[in-house]
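Here the structure comes first, spelled out in C-alpha coordinates, and everything after it is commentary.
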Amino acid sequence: RFTLIELLVVIAIVGILASMLLPALNRAKDTAKKILCAGNEKQIGFAMFSYTNDFDGFYPALYANYNWDDQISKYLGLNWSEAQQAKNGLDDSNLNTKIFLCPSDKVQIPVLNSGKSRRSYVANEYRPNVPLATTTFQKYPGLIRHPDYTICSVKISKVTKPSYTLMLGEQWRNWNMCGTGQGTGAVCGISYSKLRYEPGTAFYTELLCHGRGLANLTMVDGSTKACMGQTMLDGKGALPTDFRGSWLDHTK
(Lines give C-alpha, C1' and ligand atoms only; values in the text may rest on other atoms or scores of the structure.)
Protein backbone atom coordinates (compact mmCIF):
# COMPACT_ATOMS: atom_id res chain seq x y z
CA ARG A 1 0.00 0.00 0.00
CA PHE A 2 1.03 3.59 -0.73
CA THR A 3 0.51 6.37 1.70
CA LEU A 4 -1.14 9.57 0.60
CA ILE A 5 2.20 11.37 0.81
CA GLU A 6 3.86 8.78 -1.46
CA LEU A 7 1.05 9.07 -4.02
CA LEU A 8 1.32 12.84 -4.01
CA VAL A 9 5.08 12.61 -4.53
CA VAL A 10 4.61 10.26 -7.52
CA ILE A 11 1.95 12.54 -9.01
CA ALA A 12 4.26 15.55 -8.55
CA ILE A 13 7.15 13.74 -10.27
CA VAL A 14 4.91 12.72 -13.19
CA GLY A 15 3.72 16.31 -13.48
CA ILE A 16 7.29 17.62 -13.55
CA LEU A 17 8.32 15.07 -16.20
CA ALA A 18 5.29 15.92 -18.32
CA SER A 19 6.05 19.64 -18.12
CA MET A 20 9.59 18.91 -19.30
CA LEU A 21 8.52 16.62 -22.16
CA LEU A 22 5.62 18.63 -23.58
CA PRO A 23 7.74 21.53 -24.91
CA ALA A 24 10.04 19.03 -26.60
CA LEU A 25 7.07 17.23 -28.15
CA ASN A 26 5.60 20.53 -29.35
CA ARG A 27 8.93 21.49 -30.92
CA ALA A 28 9.10 18.11 -32.66
CA LYS A 29 5.55 18.58 -33.94
CA ASP A 30 6.37 22.07 -35.25
CA THR A 31 9.50 20.73 -36.96
CA ALA A 32 7.47 17.98 -38.63
CA LYS A 33 4.99 20.57 -39.91
CA LYS A 34 7.82 22.70 -41.32
CA ILE A 35 9.25 19.67 -43.13
CA LEU A 36 5.83 18.78 -44.57
CA CYS A 37 5.33 22.42 -45.59
CA ALA A 38 8.69 22.45 -47.38
CA GLY A 39 7.77 19.14 -49.08
CA ASN A 40 4.51 20.64 -50.36
CA GLU A 41 6.37 23.62 -51.75
CA LYS A 42 8.99 21.44 -53.42
CA GLN A 43 6.26 19.41 -55.18
CA ILE A 44 4.66 22.65 -56.35
CA GLY A 45 8.08 23.71 -57.64
CA PHE A 46 8.39 20.50 -59.68
CA ALA A 47 4.95 21.22 -61.16
CA MET A 48 6.20 24.68 -62.13
CA PHE A 49 9.11 23.08 -63.99
CA SER A 50 6.72 20.73 -65.78
CA TYR A 51 4.67 23.75 -66.86
CA THR A 52 7.75 25.52 -68.25
CA ASN A 53 8.60 22.42 -70.30
CA ASP A 54 5.22 22.59 -72.01
CA PHE A 55 5.14 26.39 -72.50
CA ASP A 56 8.42 27.22 -74.19
CA GLY A 57 10.23 27.80 -70.89
CA PHE A 58 7.87 30.46 -69.52
CA TYR A 59 6.48 30.39 -66.01
CA PRO A 60 2.69 30.81 -65.59
CA ALA A 61 1.61 34.39 -66.36
CA LEU A 62 -1.35 35.46 -64.25
CA TYR A 63 -4.39 36.77 -66.08
CA ALA A 64 -8.09 37.36 -65.35
CA ASN A 65 -9.16 34.79 -62.72
CA TYR A 66 -6.44 32.32 -63.68
CA ASN A 67 -3.72 32.21 -61.07
CA TRP A 68 -0.51 30.19 -61.19
CA ASP A 69 -2.05 27.37 -59.10
CA ASP A 70 -4.90 27.02 -61.62
CA GLN A 71 -2.39 26.65 -64.42
CA ILE A 72 -0.20 24.00 -62.75
CA SER A 73 -3.03 22.00 -61.14
CA LYS A 74 -2.92 19.22 -63.74
CA TYR A 75 0.83 18.76 -63.14
CA LEU A 76 0.01 18.00 -59.51
CA GLY A 77 -2.61 15.41 -60.50
CA LEU A 78 -5.49 17.61 -59.29
CA ASN A 79 -8.89 17.25 -60.88
CA TRP A 80 -9.71 20.93 -61.33
CA SER A 81 -12.12 21.49 -64.21
CA GLU A 82 -11.77 24.41 -66.63
CA ALA A 83 -14.86 25.99 -65.05
CA GLN A 84 -13.33 25.79 -61.57
CA GLN A 85 -10.02 27.24 -62.77
CA ALA A 86 -11.85 30.16 -64.35
CA LYS A 87 -13.53 31.09 -61.04
CA ASN A 88 -12.08 33.69 -58.71
CA GLY A 89 -11.36 31.28 -55.89
CA LEU A 90 -12.10 27.58 -55.51
CA ASP A 91 -15.24 26.86 -53.50
CA ASP A 92 -15.87 23.17 -54.28
CA SER A 93 -15.17 21.15 -51.13
CA ASN A 94 -14.73 18.02 -53.24
CA LEU A 95 -11.62 19.41 -54.91
CA ASN A 96 -8.23 18.50 -53.47
CA THR A 97 -6.35 21.65 -52.47
CA LYS A 98 -4.41 20.27 -49.50
CA ILE A 99 -0.97 20.61 -51.12
CA PHE A 100 -1.38 24.39 -51.27
CA LEU A 101 -1.86 24.78 -47.50
CA CYS A 102 1.04 24.62 -45.05
CA PRO A 103 -0.05 22.58 -41.97
CA SER A 104 1.25 25.36 -39.71
CA ASP A 105 -0.83 28.02 -41.45
CA LYS A 106 -3.94 28.62 -39.34
CA VAL A 107 -5.02 31.95 -40.85
CA GLN A 108 -8.80 32.13 -40.99
CA ILE A 109 -10.72 32.81 -44.19
CA PRO A 110 -12.86 35.99 -44.02
CA VAL A 111 -16.63 35.48 -43.80
CA LEU A 112 -16.95 37.22 -47.16
CA ASN A 113 -15.04 34.34 -48.80
CA SER A 114 -16.30 31.46 -46.68
CA GLY A 115 -16.27 28.14 -48.51
CA LYS A 116 -13.13 28.91 -50.49
CA SER A 117 -9.82 27.11 -49.99
CA ARG A 118 -6.83 28.81 -48.34
CA ARG A 119 -3.35 28.82 -49.85
CA SER A 120 -0.05 29.42 -48.06
CA TYR A 121 2.24 29.94 -51.04
CA VAL A 122 2.87 32.69 -53.58
CA ALA A 123 4.89 32.81 -56.81
CA ASN A 124 7.47 35.33 -57.94
CA GLU A 125 5.99 37.95 -60.24
CA TYR A 126 9.43 38.44 -61.83
CA ARG A 127 9.62 42.20 -62.00
CA PRO A 128 12.49 43.52 -64.14
CA ASN A 129 15.68 44.64 -62.39
CA VAL A 130 14.81 48.35 -62.54
CA PRO A 131 12.55 50.43 -60.28
CA LEU A 132 8.98 49.17 -60.45
CA ALA A 133 7.44 52.59 -61.11
CA THR A 134 9.26 52.93 -64.43
CA THR A 135 8.43 49.44 -65.74
CA THR A 136 4.71 49.04 -65.19
CA PHE A 137 3.72 49.21 -68.87
CA GLN A 138 7.04 48.48 -70.55
CA LYS A 139 8.26 45.26 -72.15
CA TYR A 140 11.67 43.72 -71.50
CA PRO A 141 13.51 40.78 -73.15
CA GLY A 142 12.54 37.52 -71.47
CA LEU A 143 9.30 38.85 -70.05
CA ILE A 144 5.82 38.03 -71.32
CA ARG A 145 2.83 40.20 -70.49
CA HIS A 146 -0.85 39.73 -71.09
CA PRO A 147 -2.36 42.72 -72.94
CA ASP A 148 -4.52 44.15 -70.16
CA TYR A 149 -2.47 43.20 -67.12
CA THR A 150 0.72 44.42 -65.50
CA ILE A 151 1.52 40.93 -64.20
CA CYS A 152 4.41 39.36 -66.06
CA SER A 153 6.29 36.09 -66.41
CA VAL A 154 9.89 35.31 -67.20
CA LYS A 155 11.52 32.65 -69.34
CA ILE A 156 13.51 30.24 -67.20
CA SER A 157 16.52 30.51 -69.52
CA LYS A 158 16.70 34.26 -68.73
CA VAL A 159 17.33 33.69 -65.01
CA THR A 160 21.02 34.33 -64.55
CA LYS A 161 21.34 33.17 -60.92
CA PRO A 162 18.82 30.32 -60.39
CA SER A 163 20.13 29.41 -56.92
CA TYR A 164 19.57 33.01 -55.75
CA THR A 165 16.34 33.90 -57.57
CA LEU A 166 13.01 33.24 -55.85
CA MET A 167 10.40 31.04 -57.55
CA LEU A 168 7.98 30.35 -54.67
CA GLY A 169 7.59 31.69 -51.17
CA GLU A 170 5.21 31.64 -48.22
CA GLN A 171 2.67 34.35 -47.45
CA TRP A 172 0.05 33.56 -44.82
CA ARG A 173 -2.67 36.10 -45.44
CA ASN A 174 -6.45 35.76 -45.30
CA TRP A 175 -6.91 36.75 -48.95
CA ASN A 176 -4.34 34.22 -50.23
CA MET A 177 -6.76 31.57 -51.50
CA CYS A 178 -6.58 28.84 -54.12
CA GLY A 179 -7.53 30.01 -57.58
CA THR A 180 -7.80 33.68 -56.62
CA GLY A 181 -7.14 35.68 -59.77
CA GLN A 182 -4.48 38.06 -61.02
CA GLY A 183 -1.78 39.19 -58.61
CA THR A 184 -3.19 38.00 -55.30
CA GLY A 185 -1.06 34.87 -55.37
CA ALA A 186 2.14 36.59 -56.51
CA VAL A 187 5.14 38.03 -54.69
CA CYS A 188 5.08 41.55 -56.09
CA GLY A 189 7.85 42.58 -53.73
CA ILE A 190 5.86 45.38 -52.12
CA SER A 191 4.70 43.17 -49.26
CA TYR A 192 8.13 41.66 -48.74
CA SER A 193 9.75 45.08 -48.77
CA LYS A 194 7.91 45.72 -45.51
CA LEU A 195 10.27 43.23 -43.85
CA ARG A 196 13.15 45.53 -44.59
CA TYR A 197 11.67 49.00 -44.68
CA GLU A 198 8.72 48.91 -42.31
CA PRO A 199 9.26 46.38 -39.51
CA GLY A 200 6.39 46.21 -37.07
CA THR A 201 3.66 46.90 -39.64
CA ALA A 202 0.77 44.54 -40.41
CA PHE A 203 2.60 43.27 -43.51
CA TYR A 204 5.66 42.50 -41.39
CA THR A 205 3.63 40.39 -38.97
CA GLU A 206 1.84 38.48 -41.72
CA LEU A 207 5.08 37.52 -43.46
CA LEU A 208 6.83 35.99 -40.45
CA CYS A 209 5.20 32.60 -41.14
CA HIS A 210 7.07 30.01 -39.04
CA GLY A 211 8.12 32.49 -36.39
CA ARG A 212 11.36 34.43 -35.94
CA GLY A 213 11.01 35.58 -39.55
CA LEU A 214 11.41 32.10 -41.06
CA ALA A 215 9.63 31.10 -44.27
CA ASN A 216 10.14 28.25 -46.74
CA LEU A 217 11.48 29.67 -50.00
CA THR A 218 12.01 27.74 -53.25
CA MET A 219 14.56 29.01 -55.75
CA VAL A 220 14.60 28.64 -59.54
CA ASP A 221 17.18 25.83 -59.23
CA GLY A 222 14.59 23.78 -57.31
CA SER A 223 16.17 24.07 -53.86
CA THR A 224 13.83 24.71 -50.91
CA LYS A 225 15.07 26.13 -47.63
CA ALA A 226 13.81 27.96 -44.58
CA CYS A 227 15.17 31.51 -44.66
CA MET A 228 14.75 34.80 -42.88
CA GLY A 229 12.36 36.89 -44.93
CA GLN A 230 14.50 40.02 -44.51
CA THR A 231 17.23 38.50 -46.70
CA MET A 232 14.93 38.57 -49.73
CA LEU A 233 15.61 42.27 -50.18
CA ASP A 234 19.33 42.37 -49.48
CA GLY A 235 20.17 43.77 -52.92
CA LYS A 236 21.16 47.24 -54.09
CA GLY A 237 17.69 48.74 -54.29
CA ALA A 238 17.44 51.91 -52.23
CA LEU A 239 13.63 52.11 -52.30
CA PRO A 240 10.84 49.66 -51.34
CA THR A 241 9.87 49.47 -55.03
CA ASP A 242 13.40 48.88 -56.33
CA PHE A 243 14.29 45.17 -56.29
CA ARG A 244 17.65 45.35 -58.08
CA GLY A 245 20.05 42.76 -56.72
CA SER A 246 17.42 41.13 -54.51
CA TRP A 247 15.95 37.62 -54.73
CA LEU A 248 13.03 39.06 -56.71
CA ASP A 249 15.35 40.24 -59.48
CA HIS A 250 15.92 37.67 -62.23
CA THR A 251 18.83 39.31 -64.08
CA LYS A 252 21.53 39.84 -61.45
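Letters A, B, ... mark the chains of the C-alpha coordinates in the order given; residue numbers begin at 1 per chain; ligand numbers begin at 1, in order shown.
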| said: Env of range 89-92 of chain A: 7 Å cut, atoms = only C-alpha atoms, seq-sep filter 2 positions within chain, self excluded. Answer as an MDAnalysis selection string. | reply: chainID A and resid 84 87 94:95 115:117 177:180
Generate the output file for the selected residues, all heavy atoms, as a short mmCIF file (atom, residue, chain, number, x, y, z; two decimals), in the first residue's frame.
data_model
loop_
_atom_site.label_atom_id
_atom_site.label_comp_id
_atom_site.auth_asym_id
_atom_site.auth_seq_id
_atom_site.Cartn_x
_atom_site.Cartn_y
_atom_site.Cartn_z
N GLN A 84 -13.83 25.47 -62.90
CA GLN A 84 -13.33 25.79 -61.57
C GLN A 84 -12.11 26.71 -61.68
O GLN A 84 -11.97 27.67 -60.92
CB GLN A 84 -12.95 24.50 -60.83
CG GLN A 84 -14.13 23.75 -60.26
CD GLN A 84 -14.76 24.48 -59.08
OE1 GLN A 84 -14.17 25.39 -58.50
NE2 GLN A 84 -15.96 24.08 -58.71
N LYS A 87 -12.86 30.36 -62.12
CA LYS A 87 -13.53 31.09 -61.04
C LYS A 87 -12.51 31.85 -60.21
O LYS A 87 -11.35 31.48 -60.11
CB LYS A 87 -14.30 30.11 -60.14
CG LYS A 87 -15.46 29.41 -60.83
CD LYS A 87 -16.23 28.53 -59.87
CE LYS A 87 -17.01 29.34 -58.87
NZ LYS A 87 -17.90 28.52 -58.02
N ASN A 94 -15.16 19.32 -52.73
CA ASN A 94 -14.73 18.02 -53.24
C ASN A 94 -13.38 18.08 -53.94
O ASN A 94 -12.77 17.04 -54.21
CB ASN A 94 -15.78 17.46 -54.23
CG ASN A 94 -17.09 17.15 -53.55
OD1 ASN A 94 -17.11 16.60 -52.45
ND2 ASN A 94 -18.19 17.52 -54.18
N LEU A 95 -12.91 19.28 -54.23
CA LEU A 95 -11.62 19.41 -54.91
C LEU A 95 -10.48 19.31 -53.91
O LEU A 95 -10.56 19.83 -52.79
CB LEU A 95 -11.54 20.75 -55.65
CG LEU A 95 -12.46 20.92 -56.86
CD1 LEU A 95 -12.26 22.29 -57.47
CD2 LEU A 95 -12.18 19.84 -57.89
N GLY A 115 -16.06 29.22 -47.56
CA GLY A 115 -16.27 28.14 -48.51
C GLY A 115 -15.13 27.98 -49.49
O GLY A 115 -15.00 26.94 -50.15
N LYS A 116 -14.27 29.00 -49.59
CA LYS A 116 -13.13 28.91 -50.49
C LYS A 116 -11.94 28.27 -49.78
O LYS A 116 -11.93 28.16 -48.55
CB LYS A 116 -12.76 30.29 -51.03
CG LYS A 116 -13.86 30.90 -51.89
CD LYS A 116 -13.46 32.25 -52.46
CE LYS A 116 -14.58 32.83 -53.32
NZ LYS A 116 -14.23 34.15 -53.89
N SER A 117 -10.97 27.84 -50.55
CA SER A 117 -9.82 27.11 -49.99
C SER A 117 -8.62 28.05 -49.81
O SER A 117 -8.28 28.80 -50.72
CB SER A 117 -9.43 25.96 -50.92
OG SER A 117 -10.49 25.05 -51.08
N MET A 177 -5.91 32.75 -51.35
CA MET A 177 -6.76 31.57 -51.50
C MET A 177 -6.57 30.91 -52.86
O MET A 177 -6.23 31.57 -53.85
CB MET A 177 -8.23 31.96 -51.30
CG MET A 177 -8.53 32.36 -49.87
SD MET A 177 -10.21 32.98 -49.66
CE MET A 177 -10.08 34.57 -50.46
N CYS A 178 -6.78 29.62 -52.90
CA CYS A 178 -6.58 28.84 -54.12
C CYS A 178 -7.43 29.38 -55.26
O CYS A 178 -8.63 29.61 -55.10
CB CYS A 178 -6.93 27.38 -53.89
SG CYS A 178 -5.78 26.51 -52.80
N GLY A 179 -6.80 29.59 -56.40
CA GLY A 179 -7.53 30.01 -57.58
C GLY A 179 -7.91 31.47 -57.62
O GLY A 179 -8.59 31.91 -58.54
N THR A 180 -7.46 32.26 -56.62
CA THR A 180 -7.80 33.68 -56.62
C THR A 180 -7.03 34.37 -57.72
O THR A 180 -5.83 34.19 -57.85
CB THR A 180 -7.47 34.32 -55.26
OG1 THR A 180 -8.11 33.57 -54.25
CG2 THR A 180 -7.97 35.75 -55.21
#
| task | Excluding range 50-54 of chain A and any residue of its chain fewer than 3 positions from it, enumerate the residues within 10 Å of it, using only C-alpha atoms, and give them as a VMD selection string. | result | chain A and resid 44 to 47 57 to 60 71 to 76 155 to 156
| CA of Leu168 in chain A to CA of Ser153 in chain A: how many Å, to one decimal? | 13.2 Å
| request: Kindly give the distance, in Å, that separates CA of Ala226 in chain A and CA of Lys42 in chain A, rounded to a single decimal. | output: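 We find that CA of Ala226 in chain A and CA of Lys42 in chain A lie 12.0 Å from each other.
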| Which residue of A:Met228, A:Val220, A:Leu7, A:Ala32 approaches Asn124 in chain A most closely, using only C-alpha atoms |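 Looking at the shortest contact to Asn124 in chain A, the residue is A:Val220.
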| field | Using only C-alpha atoms: which of A:Ala38, A:Ala61, A:Ala12, A:Asn67 has the shortest distance to Leu214 in chain A | value |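 Ranked by minimum distance to Leu214 in chain A, first place goes to A:Ala38.
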| request: Name all residues at most 8 Å from range 170-173 of chain A (count only C-alpha atoms; drop same-chain ones fewer than 5 positions away) and give them as a PyMOL selection string. | output: chain A and resi 105+107+119-122+206-207+209+215-217
| query | Within 6 Å of Asn65 in chain A, counting only C-alpha atoms, which residues qualify if same-chain residues fewer than 4 places away don't, as a PyMOL selection string? | reply | chain A and resi 86-88+181-182
Any chance you could export the current selection's N, CA, C and O atoms as a CSV table (one decimal), in the first residue's frame?
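part04.csv written:
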chain,number,residue,atom,x,y,z
A,86,ALA,N,-11.5,28.8,-63.9
A,86,ALA,CA,-11.9,30.2,-64.3
A,86,ALA,C,-12.5,31.0,-63.3
A,86,ALA,O,-12.8,32.2,-63.5
A,87,LYS,N,-12.9,30.4,-62.1
A,87,LYS,CA,-13.5,31.1,-61.0
A,87,LYS,C,-12.5,31.9,-60.2
A,87,LYS,O,-11.4,31.5,-60.1
A,88,ASN,N,-13.0,32.9,-59.6
A,88,ASN,CA,-12.1,33.7,-58.7
A,88,ASN,C,-12.1,33.1,-57.3
A,88,ASN,O,-12.8,33.6,-56.4
A,181,GLY,N,-7.7,35.2,-58.5
A,181,GLY,CA,-7.1,35.7,-59.8
A,181,GLY,C,-6.1,36.8,-59.7
A,181,GLY,O,-5.9,37.4,-58.6
A,182,GLN,N,-5.5,37.0,-60.8
A,182,GLN,CA,-4.5,38.1,-61.0
A,182,GLN,C,-3.4,38.0,-60.0
A,182,GLN,O,-2.8,37.0,-59.7
| Atom pair CA of Pro110 in chain A / CA of Lys98 in chain A: separation (Å) |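 Computing the Euclidean distance for CA of Pro110 in chain A and CA of Lys98 in chain A yields 18.7 Å.
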| said: Could you check the closest approach to Gly185 in chain A for each of A:Asp69, A:Ser93, A:Thr224, A:Leu101 and tell me which residue wins, using only C-alpha atoms? | reply: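 Of all the options, A:Asp69 lies closest to Gly185 in chain A.
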| said: So, with only C-alpha atoms as the atoms that count, which of A:Phe100, A:Asp56, A:Val159, A:Lys34 lies closest to Cys227 in chain A? | reply: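 Ranked by minimum distance to Cys227 in chain A, first place goes to A:Lys34.
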| task | Find the residue from A:Thr160, A:Ser104, A:Thr3, A:Thr218 that sits nearest to Lys29 in chain A; use only C-alpha atoms when measuring. | result | A:Ser104
DSSP on the backbone, alpha helix (DSSP H) only: what residues of range 39-173 of chain A does that give? Format it as a PDB file with N, CA and C atoms, in the first residue's frame.
ATOM      1  N   GLY A  39       8.030  20.196 -48.093  1.00  0.00           N
ATOM      2  CA  GLY A  39       7.769  19.143 -49.077  1.00  0.00           C
ATOM      3  C   GLY A  39       6.656  19.532 -50.040  1.00  0.00           C
ATOM      4  N   ASN A  40       5.598  20.146 -49.504  1.00  0.00           N
ATOM      5  CA  ASN A  40       4.508  20.636 -50.364  1.00  0.00           C
ATOM      6  C   ASN A  40       5.043  21.641 -51.382  1.00  0.00           C
ATOM      7  N   GLU A  41       5.848  22.571 -50.879  1.00  0.00           N
ATOM      8  CA  GLU A  41       6.369  23.624 -51.747  1.00  0.00           C
ATOM      9  C   GLU A  41       7.296  23.060 -52.822  1.00  0.00           C
ATOM     10  N   LYS A  42       8.083  22.057 -52.450  1.00  0.00           N
ATOM     11  CA  LYS A  42       8.991  21.437 -53.424  1.00  0.00           C
ATOM     12  C   LYS A  42       8.194  20.733 -54.528  1.00  0.00           C
ATOM     13  N   GLN A  43       7.109  20.048 -54.165  1.00  0.00           N
ATOM     14  CA  GLN A  43       6.262  19.408 -55.179  1.00  0.00           C
ATOM     15  C   GLN A  43       5.648  20.452 -56.115  1.00  0.00           C
ATOM     16  N   ILE A  44       5.224  21.579 -55.538  1.00  0.00           N
ATOM     17  CA  ILE A  44       4.664  22.653 -56.352  1.00  0.00           C
ATOM     18  C   ILE A  44       5.736  23.183 -57.301  1.00  0.00           C
ATOM     19  N   GLY A  45       6.966  23.267 -56.809  1.00  0.00           N
ATOM     20  CA  GLY A  45       8.078  23.708 -57.643  1.00  0.00           C
ATOM     21  C   GLY A  45       8.308  22.776 -58.821  1.00  0.00           C
ATOM     22  N   PHE A  46       8.246  21.467 -58.589  1.00  0.00           N
ATOM     23  CA  PHE A  46       8.394  20.496 -59.684  1.00  0.00           C
ATOM     24  C   PHE A  46       7.280  20.679 -60.721  1.00  0.00           C
ATOM     25  N   ALA A  47       6.062  20.972 -60.237  1.00  0.00           N
ATOM     26  CA  ALA A  47       4.951  21.216 -61.161  1.00  0.00           C
ATOM     27  C   ALA A  47       5.216  22.457 -61.998  1.00  0.00           C
ATOM     28  N   MET A  48       5.824  23.475 -61.387  1.00  0.00           N
ATOM     29  CA  MET A  48       6.196  24.681 -62.125  1.00  0.00           C
ATOM     30  C   MET A  48       7.156  24.332 -63.263  1.00  0.00           C
ATOM     31  N   PHE A  49       8.149  23.488 -62.968  1.00  0.00           N
ATOM     32  CA  PHE A  49       9.112  23.083 -63.995  1.00  0.00           C
ATOM     33  C   PHE A  49       8.419  22.329 -65.126  1.00  0.00           C
ATOM     34  N   SER A  50       7.463  21.477 -64.760  1.00  0.00           N
ATOM     35  CA  SER A  50       6.724  20.735 -65.783  1.00  0.00           C
ATOM     36  C   SER A  50       5.961  21.693 -66.688  1.00  0.00           C
ATOM     37  N   TYR A  51       5.390  22.741 -66.083  1.00  0.00           N
ATOM     38  CA  TYR A  51       4.669  23.749 -66.863  1.00  0.00           C
ATOM     39  C   TYR A  51       5.623  24.431 -67.843  1.00  0.00           C
ATOM     40  N   THR A  52       6.805  24.824 -67.376  1.00  0.00           N
ATOM     41  CA  THR A  52       7.751  25.523 -68.254  1.00  0.00           C
ATOM     42  C   THR A  52       8.166  24.637 -69.425  1.00  0.00           C
ATOM     43  N   ASN A  53       8.244  23.336 -69.207  1.00  0.00           N
ATOM     44  CA  ASN A  53       8.600  22.422 -70.300  1.00  0.00           C
ATOM     45  C   ASN A  53       7.554  22.431 -71.400  1.00  0.00           C
ATOM     46  N   ASP A  54       6.301  22.624 -71.029  1.00  0.00           N
ATOM     47  CA  ASP A  54       5.219  22.594 -72.012  1.00  0.00           C
ATOM     48  C   ASP A  54       4.939  23.964 -72.634  1.00  0.00           C
ATOM     49  N   TRP A  68      -1.536  31.191 -60.877  1.00  0.00           N
ATOM     50  CA  TRP A  68      -0.511  30.195 -61.186  1.00  0.00           C
ATOM     51  C   TRP A  68      -0.907  28.800 -60.716  1.00  0.00           C
ATOM     52  N   ASP A  69      -1.655  28.707 -59.595  1.00  0.00           N
ATOM     53  CA  ASP A  69      -2.047  27.374 -59.103  1.00  0.00           C
ATOM     54  C   ASP A  69      -3.086  26.729 -60.019  1.00  0.00           C
ATOM     55  N   ASP A  70      -3.960  27.551 -60.625  1.00  0.00           N
ATOM     56  CA  ASP A  70      -4.897  27.019 -61.621  1.00  0.00           C
ATOM     57  C   ASP A  70      -4.126  26.380 -62.775  1.00  0.00           C
ATOM     58  N   GLN A  71      -3.095  27.054 -63.213  1.00  0.00           N
ATOM     59  CA  GLN A  71      -2.386  26.653 -64.418  1.00  0.00           C
ATOM     60  C   GLN A  71      -1.475  25.435 -64.217  1.00  0.00           C
ATOM     61  N   ILE A  72      -1.057  25.176 -62.977  1.00  0.00           N
ATOM     62  CA  ILE A  72      -0.201  24.004 -62.748  1.00  0.00           C
ATOM     63  C   ILE A  72      -0.959  22.853 -62.094  1.00  0.00           C
ATOM     64  N   GLU A  82     -11.996  23.103 -66.022  1.00  0.00           N
ATOM     65  CA  GLU A  82     -11.769  24.412 -66.633  1.00  0.00           C
ATOM     66  C   GLU A  82     -12.683  25.456 -65.987  1.00  0.00           C
ATOM     67  N   ALA A  83     -13.915  25.057 -65.680  1.00  0.00           N
ATOM     68  CA  ALA A  83     -14.861  25.986 -65.053  1.00  0.00           C
ATOM     69  C   ALA A  83     -14.388  26.406 -63.668  1.00  0.00           C
ATOM     70  N   GLN A  84     -13.832  25.467 -62.904  1.00  0.00           N
ATOM     71  CA  GLN A  84     -13.325  25.786 -61.574  1.00  0.00           C
ATOM     72  C   GLN A  84     -12.108  26.706 -61.676  1.00  0.00           C
ATOM     73  N   GLN A  85     -11.215  26.419 -62.619  1.00  0.00           N
ATOM     74  CA  GLN A  85     -10.018  27.239 -62.773  1.00  0.00           C
ATOM     75  C   GLN A  85     -10.368  28.675 -63.157  1.00  0.00           C
TER      76      GLN A  85
END
